[in-house]
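Structure file model_25.txt (compact mmCIF, C-alpha atoms (C1' of nucleotides)) is printed below.
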# COMPACT_ATOMS: atom_id res chain seq x y z
CA MET A 91 -34.09 98.48 -63.59
CA SER A 92 -37.58 98.08 -65.04
CA PRO A 93 -38.10 98.58 -68.80
CA ARG A 94 -40.37 101.50 -68.00
CA LYS A 95 -37.68 103.42 -66.21
CA GLN A 96 -35.12 102.53 -68.80
CA ALA A 97 -37.27 103.92 -71.56
CA GLN A 98 -37.83 107.08 -69.56
CA ASN A 99 -34.14 107.49 -68.97
CA GLU A 100 -33.38 107.08 -72.60
CA GLN A 101 -35.87 109.72 -73.47
CA MET A 102 -34.41 112.12 -70.94
CA ARG A 103 -30.99 111.38 -72.24
CA ALA A 104 -32.05 112.05 -75.79
CA GLU A 105 -33.74 115.28 -74.76
CA ALA A 106 -30.71 116.49 -72.87
CA LEU A 107 -28.38 115.59 -75.71
CA GLY A 108 -30.63 117.44 -78.13
CA LYS A 109 -30.70 120.52 -75.96
CA ILE A 110 -26.95 120.51 -75.56
CA ASN A 111 -26.31 120.07 -79.25
CA GLY A 112 -28.75 122.81 -80.12
CA ALA A 113 -27.23 125.21 -77.63
CA ALA A 114 -23.71 124.30 -78.65
CA LEU A 115 -24.57 124.93 -82.28
CA LYS A 116 -25.74 128.45 -81.56
CA VAL A 117 -22.86 129.33 -79.26
CA PHE A 118 -20.08 127.74 -81.30
CA ALA A 119 -21.40 129.19 -84.55
CA ARG A 120 -21.43 132.66 -83.08
CA TYR A 121 -18.25 132.71 -81.02
CA GLY A 122 -16.09 129.97 -82.50
CA TYR A 123 -14.46 127.17 -80.57
CA HIS A 124 -12.16 129.18 -78.34
CA GLY A 125 -14.53 132.10 -78.02
CA ALA A 126 -17.36 129.94 -76.75
CA THR A 127 -17.41 128.82 -73.13
CA MET A 128 -19.01 125.82 -71.55
CA LYS A 129 -20.77 128.21 -69.22
CA GLN A 130 -22.47 129.89 -72.18
CA ILE A 131 -23.48 126.56 -73.62
CA ALA A 132 -24.83 125.35 -70.28
CA ARG A 133 -26.82 128.55 -69.85
CA ALA A 134 -28.23 128.24 -73.36
CA THR A 135 -29.47 124.72 -72.62
CA GLY A 136 -31.25 125.79 -69.47
CA LEU A 137 -29.57 122.86 -67.72
CA SER A 138 -26.87 123.15 -65.12
CA TYR A 139 -23.18 123.46 -65.81
CA GLY A 140 -22.18 120.11 -64.39
CA LEU A 141 -24.83 118.23 -66.32
CA VAL A 142 -23.24 119.06 -69.61
CA TYR A 143 -20.15 117.24 -68.40
CA HIS A 144 -22.34 114.33 -67.47
CA TYR A 145 -23.21 113.89 -71.13
CA PHE A 146 -19.95 114.97 -72.71
CA PRO A 147 -16.46 114.38 -71.36
CA SER A 148 -15.05 117.63 -72.73
CA LYS A 149 -15.68 120.77 -74.71
CA GLU A 150 -13.73 119.26 -77.54
CA LYS A 151 -16.08 116.29 -77.68
CA VAL A 152 -19.14 118.54 -77.81
CA PHE A 153 -17.59 120.38 -80.70
CA CYS A 154 -16.46 117.33 -82.67
CA SER A 155 -19.70 115.48 -82.18
CA LEU A 156 -21.61 118.47 -83.49
CA LEU A 157 -19.17 118.90 -86.35
CA ASP A 158 -19.62 115.33 -87.41
CA PHE A 159 -23.35 115.86 -87.59
CA ALA A 160 -23.02 119.17 -89.41
CA LEU A 161 -20.75 117.72 -92.07
CA GLU A 162 -23.33 115.04 -92.70
CA ILE A 163 -25.91 117.54 -93.94
CA PRO A 164 -24.31 118.43 -97.28
CA MET A 165 -23.40 114.78 -97.75
CA ALA A 166 -27.05 113.84 -97.34
CA ALA A 167 -27.95 116.44 -99.95
CA LEU A 168 -25.31 115.06 -102.30
CA ASN A 169 -26.57 111.53 -101.91
CA ALA A 170 -30.21 112.51 -102.28
CA VAL A 171 -29.58 114.52 -105.42
CA PHE A 172 -27.17 112.25 -107.22
CA ASP A 173 -29.06 109.06 -106.52
CA ALA A 174 -32.25 110.56 -107.96
CA PRO A 175 -33.09 110.23 -111.66
CA GLY A 176 -32.12 112.88 -114.18
CA THR A 177 -29.15 114.05 -116.19
CA ALA A 178 -25.87 114.92 -114.50
CA TRP A 179 -26.41 118.61 -115.12
CA GLU A 180 -29.93 118.52 -113.74
CA LYS A 181 -28.58 116.91 -110.60
CA ILE A 182 -26.00 119.64 -110.24
CA GLU A 183 -28.76 122.19 -110.71
CA ASN A 184 -30.81 120.55 -107.97
CA LEU A 185 -27.84 120.41 -105.63
CA SER A 186 -27.15 124.08 -106.18
CA ALA A 187 -30.72 124.94 -105.32
CA ILE A 188 -30.50 122.96 -102.08
CA LEU A 189 -27.12 124.36 -101.05
CA VAL A 190 -28.07 127.97 -101.76
CA GLY A 191 -31.35 127.48 -99.94
CA ASP A 192 -29.66 125.89 -96.95
CA SER A 193 -27.03 128.59 -96.73
CA LYS A 194 -29.79 131.17 -96.36
CA SER A 195 -32.42 129.54 -94.15
CA GLY A 196 -32.43 129.43 -90.38
CA GLU A 197 -31.03 126.25 -88.97
CA SER A 198 -29.13 124.87 -91.93
CA SER A 199 -27.34 128.17 -92.30
CA LEU A 200 -26.24 127.91 -88.67
CA TYR A 201 -24.78 124.50 -89.38
CA PHE A 202 -23.04 125.82 -92.46
CA PHE A 203 -21.56 128.64 -90.51
CA PHE A 204 -20.53 126.36 -87.69
CA VAL A 205 -18.58 124.30 -90.21
CA LEU A 206 -16.94 127.50 -91.37
CA GLN A 207 -15.85 128.17 -87.79
CA ALA A 208 -14.45 124.68 -87.59
CA MET A 209 -12.51 125.17 -90.81
CA THR A 210 -11.02 128.51 -89.87
CA GLN A 211 -10.17 127.69 -86.28
CA GLY A 212 -9.97 123.93 -86.37
CA LYS A 213 -6.27 123.53 -87.02
CA GLY A 214 -5.51 123.84 -83.32
CA ILE A 215 -8.22 121.43 -82.22
CA PRO A 216 -7.36 117.72 -82.23
CA GLY A 217 -9.59 115.65 -84.43
CA VAL A 218 -11.13 118.53 -86.31
CA PRO A 219 -8.85 118.70 -89.36
CA GLY A 220 -9.18 114.97 -89.84
CA LEU A 221 -12.96 115.10 -89.73
CA ILE A 222 -13.09 117.94 -92.21
CA ASP A 223 -10.62 116.42 -94.63
CA LYS A 224 -12.44 113.12 -94.66
CA ARG A 225 -15.81 114.68 -95.37
CA LEU A 226 -14.59 117.20 -97.93
CA THR A 227 -12.89 114.41 -99.83
CA ALA A 228 -16.16 112.48 -99.77
CA TYR A 229 -18.04 115.51 -101.18
CA TYR A 230 -15.52 115.83 -103.97
CA GLU A 231 -15.52 112.16 -104.83
CA LYS A 232 -19.27 112.06 -105.05
CA PHE A 233 -19.49 115.25 -107.06
CA ILE A 234 -16.68 115.02 -109.59
CA PRO A 235 -17.94 112.09 -111.71
CA PHE A 236 -21.19 113.92 -112.37
CA LEU A 237 -19.36 117.10 -113.23
CA ILE A 238 -17.24 115.21 -115.74
CA GLN A 239 -20.39 113.75 -117.23
CA ALA A 240 -21.91 117.23 -117.50
CA GLN A 241 -18.73 118.43 -119.15
CA LYS A 242 -19.02 115.69 -121.75
CA SER A 243 -22.61 116.63 -122.48
CA GLY A 244 -21.44 120.21 -122.96
CA GLU A 245 -23.55 121.71 -120.22
CA ALA A 246 -20.68 122.18 -117.77
CA VAL A 247 -17.72 124.35 -118.57
CA LYS A 248 -14.44 122.75 -119.63
CA GLY A 249 -11.57 122.71 -117.19
CA ASP A 250 -10.00 120.68 -114.39
CA PRO A 251 -12.92 118.95 -112.65
CA ALA A 252 -11.18 118.93 -109.28
CA ALA A 253 -10.44 122.66 -109.46
CA LEU A 254 -14.01 123.46 -110.50
CA THR A 255 -15.38 121.32 -107.72
CA ALA A 256 -13.15 122.97 -105.15
CA ALA A 257 -14.23 126.37 -106.43
CA TYR A 258 -17.88 125.36 -106.32
CA PHE A 259 -17.81 124.25 -102.69
CA SER A 260 -15.65 127.19 -101.70
CA PHE A 261 -18.27 129.45 -103.18
CA VAL A 262 -20.94 127.76 -101.07
CA GLN A 263 -18.89 128.49 -97.98
CA GLY A 264 -18.45 132.06 -99.04
CA LEU A 265 -22.22 132.33 -99.33
CA ALA A 266 -22.65 130.88 -95.84
CA LEU A 267 -20.37 133.63 -94.59
CA LEU A 268 -22.42 136.21 -96.46
CA ALA A 269 -25.61 134.92 -94.88
CA PHE A 270 -24.11 135.17 -91.42
CA GLN A 271 -23.25 138.81 -91.94
CA GLY A 272 -26.97 139.28 -91.58
CA LYS A 273 -27.27 142.21 -93.95
CA GLY A 274 -30.02 140.48 -95.89
CA MET A 275 -27.83 140.38 -98.98
CA GLU A 276 -27.98 136.59 -99.04
CA LYS A 277 -31.70 136.67 -99.83
CA LYS A 278 -30.93 137.92 -103.29
CA ILE A 279 -28.51 135.11 -104.07
CA THR A 280 -29.95 132.62 -106.54
CA PRO A 281 -28.88 129.07 -107.34
CA GLY A 282 -28.09 130.37 -110.80
CA ILE A 283 -25.27 132.50 -109.42
CA LEU A 284 -23.65 129.48 -107.83
CA LEU A 285 -24.27 127.42 -110.96
CA SER A 286 -22.57 130.00 -113.14
CA VAL A 287 -19.23 128.71 -111.86
CA LEU A 288 -19.86 125.42 -113.61
CA ARG A 289 -22.13 126.37 -116.49
CA ASN A 290 -20.77 126.30 -119.99
CA GLY A 291 -21.30 129.82 -121.27
CA GLN A 292 -20.59 128.87 -124.85
CA SER A 293 -23.43 126.42 -125.12
CA ARG A 294 -26.94 127.31 -126.12
CA VAL A 295 -29.08 128.29 -123.11
CA LYS A 296 -32.67 127.43 -122.50
CA ALA A 297 -35.22 130.16 -123.09
CA MET B 5 16.28 164.97 -76.59
CA SER B 6 18.60 165.40 -79.55
CA PRO B 7 17.23 164.92 -83.06
CA ARG B 8 19.64 162.06 -83.52
CA LYS B 9 18.19 160.09 -80.66
CA GLN B 10 14.66 160.92 -81.63
CA ALA B 11 15.21 159.57 -85.10
CA GLN B 12 16.73 156.43 -83.66
CA ASN B 13 13.80 155.95 -81.35
CA GLU B 14 11.34 156.36 -84.13
CA GLN B 15 13.12 153.76 -86.16
CA MET B 16 13.14 151.33 -83.26
CA ARG B 17 9.50 152.02 -82.72
CA ALA B 18 8.71 151.38 -86.36
CA GLU B 19 10.72 148.18 -86.31
CA ALA B 20 9.02 146.90 -83.20
CA LEU B 21 5.59 147.76 -84.55
CA GLY B 22 6.42 145.98 -87.78
CA LYS B 23 7.55 142.87 -85.94
CA ILE B 24 4.48 142.83 -83.76
CA ASN B 25 2.12 143.24 -86.68
CA GLY B 26 3.87 140.55 -88.64
CA ALA B 27 3.77 138.12 -85.76
CA ALA B 28 0.18 138.99 -84.91
CA LEU B 29 -0.83 138.36 -88.52
CA LYS B 30 0.59 134.85 -88.48
CA VAL B 31 -0.79 133.94 -85.08
CA PHE B 32 -4.24 135.50 -85.48
CA ALA B 33 -4.65 134.06 -88.98
CA ARG B 34 -3.86 130.60 -87.74
CA TYR B 35 -5.64 130.51 -84.38
CA GLY B 36 -8.28 133.22 -84.60
CA TYR B 37 -8.80 136.00 -82.11
CA HIS B 38 -9.69 133.95 -79.05
CA GLY B 39 -7.44 131.07 -79.95
CA ALA B 40 -4.38 133.27 -80.21
CA THR B 41 -2.58 134.37 -77.06
CA MET B 42 -0.44 137.40 -76.45
CA LYS B 43 2.27 135.03 -75.29
CA GLN B 44 2.33 133.37 -78.70
CA ILE B 45 2.48 136.71 -80.43
CA ALA B 46 5.27 137.93 -78.17
CA ARG B 47 7.27 134.77 -78.78
CA ALA B 48 6.77 135.10 -82.54
CA THR B 49 8.17 138.64 -82.46
CA GLY B 50 11.27 137.61 -80.58
CA LEU B 51 10.59 140.51 -78.24
CA SER B 52 9.51 140.17 -74.65
CA TYR B 53 5.95 139.81 -73.48
CA GLY B 54 5.75 143.13 -71.68
CA LEU B 55 7.09 145.05 -74.64
CA VAL B 56 4.11 144.21 -76.77
CA TYR B 57 1.99 146.00 -74.18
CA HIS B 58 4.32 148.94 -74.41
CA TYR B 59 3.28 149.40 -78.03
CA PHE B 60 -0.31 148.26 -77.82
CA PRO B 61 -2.71 148.80 -74.93
CA SER B 62 -4.54 145.51 -75.46
CA LYS B 63 -4.90 142.39 -77.53
CA GLU B 64 -8.02 143.91 -79.03
CA LYS B 65 -6.06 146.90 -80.31
CA VAL B 66 -3.43 144.70 -81.92
CA PHE B 67 -6.18 142.85 -83.70
CA CYS B 68 -8.14 145.89 -84.82
CA SER B 69 -5.08 147.78 -85.97
CA LEU B 70 -4.03 144.82 -88.06
CA LEU B 71 -7.55 144.34 -89.38
CA ASP B 72 -7.69 147.93 -90.50
CA PHE B 73 -4.52 147.42 -92.48
CA ALA B 74 -5.68 144.10 -93.92
CA LEU B 75 -8.96 145.53 -95.14
CA GLU B 76 -7.03 148.22 -96.94
CA ILE B 77 -5.36 145.74 -99.28
CA PRO B 78 -8.38 144.83 -101.43
CA MET B 79 -9.42 148.49 -101.39
CA ALA B 80 -6.04 149.44 -102.82
CA ALA B 81 -6.51 146.84 -105.54
CA LEU B 82 -9.96 148.19 -106.30
CA ASN B 83 -8.67 151.72 -106.58
CA ALA B 84 -5.68 150.75 -108.67
CA VAL B 85 -7.75 148.73 -111.11
CA PHE B 86 -10.72 151.01 -111.50
CA ASP B 87 -8.73 154.20 -111.82
CA ALA B 88 -6.65 152.69 -114.61
CA PRO B 89 -7.70 153.03 -118.26
CA GLY B 90 -9.78 150.39 -120.01
CA THR B 91 -13.35 149.21 -120.29
CA ALA B 92 -15.38 148.33 -117.24
CA TRP B 93 -15.20 144.64 -118.04
CA GLU B 94 -11.45 144.74 -118.55
CA LYS B 95 -11.12 146.34 -115.14
CA ILE B 96 -13.19 143.61 -113.57
CA GLU B 97 -11.00 141.07 -115.32
CA ASN B 98 -7.90 142.71 -113.92
CA LEU B 99 -9.34 142.85 -110.44
CA SER B 100 -10.22 139.17 -110.58
CA ALA B 101 -6.67 138.31 -111.57
CA ILE B 102 -5.30 140.30 -108.64
CA LEU B 103 -7.75 138.89 -106.11
CA VAL B 104 -7.25 135.29 -107.20
CA GLY B 105 -3.50 135.79 -107.20
CA ASP B 106 -3.52 137.38 -103.76
CA SER B 107 -5.70 134.67 -102.29
CA LYS B 108 -3.10 132.12 -103.33
CA SER B 109 0.27 133.76 -102.69
CA GLY B 110 2.11 133.87 -99.40
CA GLU B 111 1.57 137.06 -97.48
CA SER B 112 -1.55 138.41 -99.14
CA SER B 113 -3.28 135.13 -98.58
CA LEU B 114 -2.44 135.38 -94.88
CA TYR B 115 -4.10 138.78 -94.79
CA PHE B 116 -7.12 137.44 -96.64
CA PHE B 117 -7.43 134.61 -94.21
CA PHE B 118 -6.95 136.90 -91.24
CA VAL B 119 -9.91 138.94 -92.49
CA LEU B 120 -11.88 135.73 -92.71
CA GLN B 121 -11.07 135.05 -89.06
CA ALA B 122 -12.23 138.54 -88.19
CA MET B 123 -15.49 138.02 -90.06
CA THR B 124 -16.29 134.68 -88.51
CA GLN B 125 -15.31 135.52 -84.95
CA GLY B 126 -15.58 139.28 -84.97
CA LYS B 127 -19.11 139.63 -83.68
CA GLY B 128 -17.96 139.30 -80.11
CA ILE B 129 -15.06 141.72 -80.46
CA PRO B 130 -15.84 145.42 -80.01
CA GLY B 131 -15.00 147.53 -83.01
CA VAL B 132 -14.54 144.67 -85.42
CA PRO B 133 -18.02 144.49 -86.98
CA GLY B 134 -17.98 148.24 -87.54
CA LEU B 135 -14.62 148.12 -89.29
CA ILE B 136 -15.72 145.27 -91.54
CA ASP B 137 -19.05 146.80 -92.43
CA LYS B 138 -17.47 150.10 -93.34
CA ARG B 139 -14.89 148.54 -95.63
CA LEU B 140 -17.20 146.04 -97.24
CA THR B 141 -19.61 148.82 -98.08
CA ALA B 142 -16.72 150.74 -99.62
CA TYR B 143 -15.76 147.75 -101.77
CA TYR B 144 -19.32 147.39 -102.98
CA GLU B 145 -19.75 151.07 -103.74
CA LYS B 146 -16.57 151.19 -105.74
CA PHE B 147 -17.36 148.00 -107.62
CA ILE B 148 -21.04 148.24 -108.47
CA PRO B 149 -20.95 151.17 -110.94
CA PHE B 150 -18.44 149.33 -113.10
CA LEU B 151 -20.44 146.15 -112.95
CA ILE B 152 -23.52 148.05 -114.12
CA GLN B 153 -21.49 149.50 -116.95
CA ALA B 154 -20.29 146.03 -117.93
CA GLN B 155 -23.88 144.82 -117.83
CA LYS B 156 -24.87 147.57 -120.23
CA SER B 157 -22.10 146.62 -122.62
CA GLY B 158 -23.36 143.07 -122.49
CA GLU B 159 -20.18 141.54 -121.09
CA ALA B 160 -21.49 141.08 -117.58
CA VAL B 161 -24.47 138.89 -116.82
CA LYS B 162 -27.86 140.49 -116.15
CA GLY B 163 -29.17 140.53 -112.61
CA ASP B 164 -29.19 142.55 -109.40
CA PRO B 165 -25.79 144.28 -109.31
CA ALA B 166 -25.68 144.30 -105.51
CA ALA B 167 -26.39 140.58 -105.31
CA LEU B 168 -23.81 139.78 -107.96
CA THR B 169 -21.24 141.93 -106.20
CA ALA B 170 -21.94 140.27 -102.86
CA ALA B 171 -21.62 136.88 -104.50
CA TYR B 172 -18.37 137.89 -106.19
CA PHE B 173 -16.66 139.00 -103.00
CA SER B 174 -18.09 136.05 -101.07
CA PHE B 175 -16.50 133.79 -103.63
CA VAL B 176 -13.16 135.50 -103.10
CA GLN B 177 -13.42 134.76 -99.40
CA GLY B 178 -14.32 131.19 -100.10
CA LEU B 179 -11.19 130.92 -102.22
CA ALA B 180 -9.12 132.36 -99.39
CA LEU B 181 -10.47 129.61 -97.17
CA LEU B 182 -9.61 127.03 -99.81
CA ALA B 183 -6.05 128.32 -99.98
CA PHE B 184 -5.70 128.08 -96.23
CA GLN B 185 -6.68 124.43 -96.27
CA GLY B 186 -3.25 123.96 -97.76
CA LYS B 187 -4.13 121.03 -99.97
CA GLY B 188 -2.69 122.77 -103.03
CA MET B 189 -6.10 122.86 -104.62
CA GLU B 190 -5.98 126.66 -104.76
CA LYS B 191 -3.14 126.58 -107.26
CA LYS B 192 -5.50 125.32 -109.92
CA ILE B 193 -7.99 128.14 -109.40
CA THR B 194 -7.93 130.62 -112.27
CA PRO B 195 -9.25 134.19 -112.43
CA GLY B 196 -11.63 132.88 -115.06
CA ILE B 197 -13.43 130.75 -112.50
CA LEU B 198 -14.06 133.79 -110.32
CA LEU B 199 -15.05 135.84 -113.34
CA SER B 200 -17.59 133.25 -114.43
CA VAL B 201 -19.89 134.53 -111.68
CA LEU B 202 -20.19 137.84 -113.53
CA ARG B 203 -19.61 136.89 -117.15
CA ASN B 204 -22.50 136.94 -119.55
CA GLY B 205 -22.64 133.42 -120.93
CA GLN B 206 -25.01 134.40 -123.71
CA SER B 207 -22.63 136.87 -125.31
CA ARG B 208 -20.04 135.96 -127.89
CA VAL B 209 -16.70 135.03 -126.32
CA LYS B 210 -13.27 135.93 -127.53
CA ALA B 211 -11.29 133.23 -129.28
C1' DG C 915 12.78 151.13 -74.14
C1' DT C 916 13.19 146.57 -72.46
C1' DC C 917 12.67 143.01 -69.44
C1' DT C 918 10.79 139.67 -65.47
C1' DA C 919 7.51 138.80 -62.07
C1' DT C 920 3.02 139.09 -60.51
C1' DA C 921 -2.02 140.33 -59.79
C1' DC C 922 -6.48 139.17 -61.05
C1' DA C 923 -10.19 137.09 -63.65
C1' DC C 924 -11.85 133.34 -66.08
C1' DT C 925 -12.24 128.69 -68.00
C1' DG C 926 -12.34 123.70 -68.37
C1' DA C 927 -12.98 119.99 -65.67
C1' DT C 928 -14.03 117.43 -61.23
C1' DA C 929 -15.98 116.19 -56.61
C1' DG C 930 -19.48 115.15 -54.03
C1' DA C 931 -24.22 116.22 -51.97
C1' DC C 932 -29.01 115.24 -53.10
C1' DG D 1251 -29.66 112.23 -63.14
C1' DT D 1252 -29.08 116.82 -61.46
C1' DC D 1253 -27.04 120.29 -59.06
C1' DT D 1254 -23.47 123.59 -56.52
C1' DA D 1255 -18.90 124.37 -55.07
C1' DT D 1256 -14.26 124.05 -55.97
C1' DC D 1257 -9.51 123.13 -58.06
C1' DA D 1258 -5.94 123.71 -61.14
C1' DG D 1259 -4.33 125.93 -65.10
C1' DT D 1260 -4.15 129.69 -68.26
C1' DG D 1261 -4.68 134.34 -70.15
C1' DT D 1262 -4.78 139.42 -70.10
C1' DA D 1263 -2.90 143.15 -68.28
C1' DT D 1264 0.14 145.70 -65.03
C1' DA D 1265 4.10 146.91 -61.86
C1' DG D 1266 8.39 147.98 -61.30
C1' DA D 1267 13.52 147.04 -61.84
C1' DC D 1268 17.17 148.13 -65.12

Turn the structure described in the file into structure tokens.
Amino acid sequence: MSPRKQAQNEQMRAEALGKINGAALKVFARYGYHGATMKQIARATGLSYGLVYHYFPSKEKVFCSLLDFALEIPMAALNAVFDAPGTAWEKIENLSAILVGDSKSGESSLYFFFVLQAMTQGKGIPGVPGLIDKRLTAYYEKFIPFLIQAQKSGEAVKGDPAALTAAYFSFVQGLALLAFQGKGMEKKITPGILLSVLRNGQSRVKA
Amino acid sequence: MSPRKQAQNEQMRAEALGKINGAALKVFARYGYHGATMKQIARATGLSYGLVYHYFPSKEKVFCSLLDFALEIPMAALNAVFDAPGTAWEKIENLSAILVGDSKSGESSLYFFFVLQAMTQGKGIPGVPGLIDKRLTAYYEKFIPFLIQAQKSGEAVKGDPAALTAAYFSFVQGLALLAFQGKGMEKKITPGILLSVLRNGQSRVKA
DNA sequence: GTCTATACACTGATAGAC
DNA sequence: GTCTATCAGTGTATAGAC
């Protein structure tokens, strides 16, 4: 095999994988794991049915591979925000802006909703609960220390940090659901609404 | 047909319907519409497979009938709370306590989660989106006037009432999802956390 | 009303030609 | 790598005995 051909093959492979993942995202997000069919996914790629199975051994693998990628997105946001300079509360403000924005906009919102599908239906699919648990725990562990810091500075509300964190991320998922309803209501949701769950109402507020 | 027999039949009918709905709730909530099978539901009732089809013409009807009932529960809470005496804000406080409680406790939380399944997967199921839209609109219409009133009294935060209402109910659904994760995190969620979305942080707070 | 057995369609996955 | 054709298994719904 010449290097030329190898490079070509790799590119084709990458293209095909990209198409499949993109199609799977749309179909799984809309119909859920059991509601989606490999036929639908194949049709959405434009490629043939059998070719999908050339790249993925099973429907389950397509789903889990995509889920792994989708769960990475909020983690990337968490890392980006919390590793940047600023106070703990400012970081939480920035995160809220990103999460609310992502839950509304085109592709990110699809990923968010796909994760929601995985969480609601995933208990019957091998590998899915484990993936979700692992990632969710990672979100929490990254988030909580900064929340505690913001509580100490008086900007975040008092209360069990773990409970507040769980509520915060649950809210984000609720907003993803709202966005998927497609009534346009999500456009009016501001980061401030999400932040209100954590904000200390008794403190002085900026003008 | 003697009245005696008729009464007996009606009771049997009611019993069977109750069993089917109860079983369907558990199975649909756990596996979603497409993930659940009529075989599972039949087994969970203890009745035979064919008998389920004696009472319901299709899987879709079982689902929609149950969904209609499930969507009634929050509406009943809304009516109970808002038709009772008290200020608008007190009513919203009471509602929050009920919703948070229901999202945690046994059977109500199953219904909440079943509705979540219907919302995530329902777009492919005839009749489901219509049912959900109708009810959700009813929730909003009942809720918004009281929120506006609470905004005027200064207890609720300023902002688009429709957006705040959408956020509020989205949060409730997020909490239902949290409860279904079964990590026990939901036990630490208080009505106050839900209320914080609507509470005016700039106003004086009770001691 | 209640059950078992079956028809029919569809889906996930594979085989094998090109 | 790409495709079509096919298999085996499963799911909804129905038929018909009791």

* Suppose you want the space between atom CA of Cys154 of chain A and atom CA of Ala266 of chain A; what is it in Å? -> 19.9 Å

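When only C-alpha atoms (C1' of nucleotides) are used to compute distances to chain D, the closest of the residues A:Lys273, A:Lys194, A:Lys109, A:His144 turns out to be A:His144.
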
* To do: Kindly extract all protein, DNA and RNA residues lying within 7 Å of the coordinates (-1.8, 141.7, -82.6) given in the file, considering only C-alpha atoms (C1' of nucleotides), and supply them as a ChimeraX atom specification.
  => /B:24-25,28-29,45,63,66-67,70

Using all atoms listed in the file, what table do you get, as CSV, when you list each residue of chain A with an atom no more than 8 Å from chain D, its nearest pair of atoms, and their distance in Å rounded to one decimal, rows by chain then rising number?
residue,atom,partner,partner_atom,distance
A:Ser138,CA,D:DC1253,C1',6.7
A:Gly140,CA,D:DC1253,C1',7.2
A:Leu141,CA,D:DT1252,C1',6.6

* Once you count all atoms listed in the file, which residues of chain B turn out to be within 7 Å of chain A? Could you give them as a PyMOL selection string? -> chain B and resi 35-36+38-39+121+124-125+128+167+171+174-175+177-179+182+189+192-193+197+200-201+205-206

* Would you list which chain B residues are within 12 Å of chain C using all atoms listed in the file, as JSON, numbers by chain? -> {"B": [12, 13, 14, 16, 17, 20, 51, 52, 53, 54, 55, 56, 57, 58, 59]}

* Just give me the gap between atom CA of Glu245 of chain A and atom CA of Leu185 of chain A in Å, one decimal is fine. =>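 Between atom CA of Glu245 of chain A and atom CA of Leu185 of chain A the gap works out to 15.3 Å.
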
* **Interatomic distance, atom CA of Leu237 of chain A to atom CA of Val190 of chain A (Å, one decimal)** => 18.0 Å

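When only C-alpha atoms are used to compute distances to Gln153 of chain B, the closest of the residues B:Ala80, B:Ile96, B:Ala27, B:Leu114 turns out to be B:Ile96.
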
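Each of B:Glu19, B:Glu64, B:Lys43, B:Pro78 was checked against Pro130 of chain B using all atoms listed in the file; the smallest atom-to-atom distance is that of B:Glu64.
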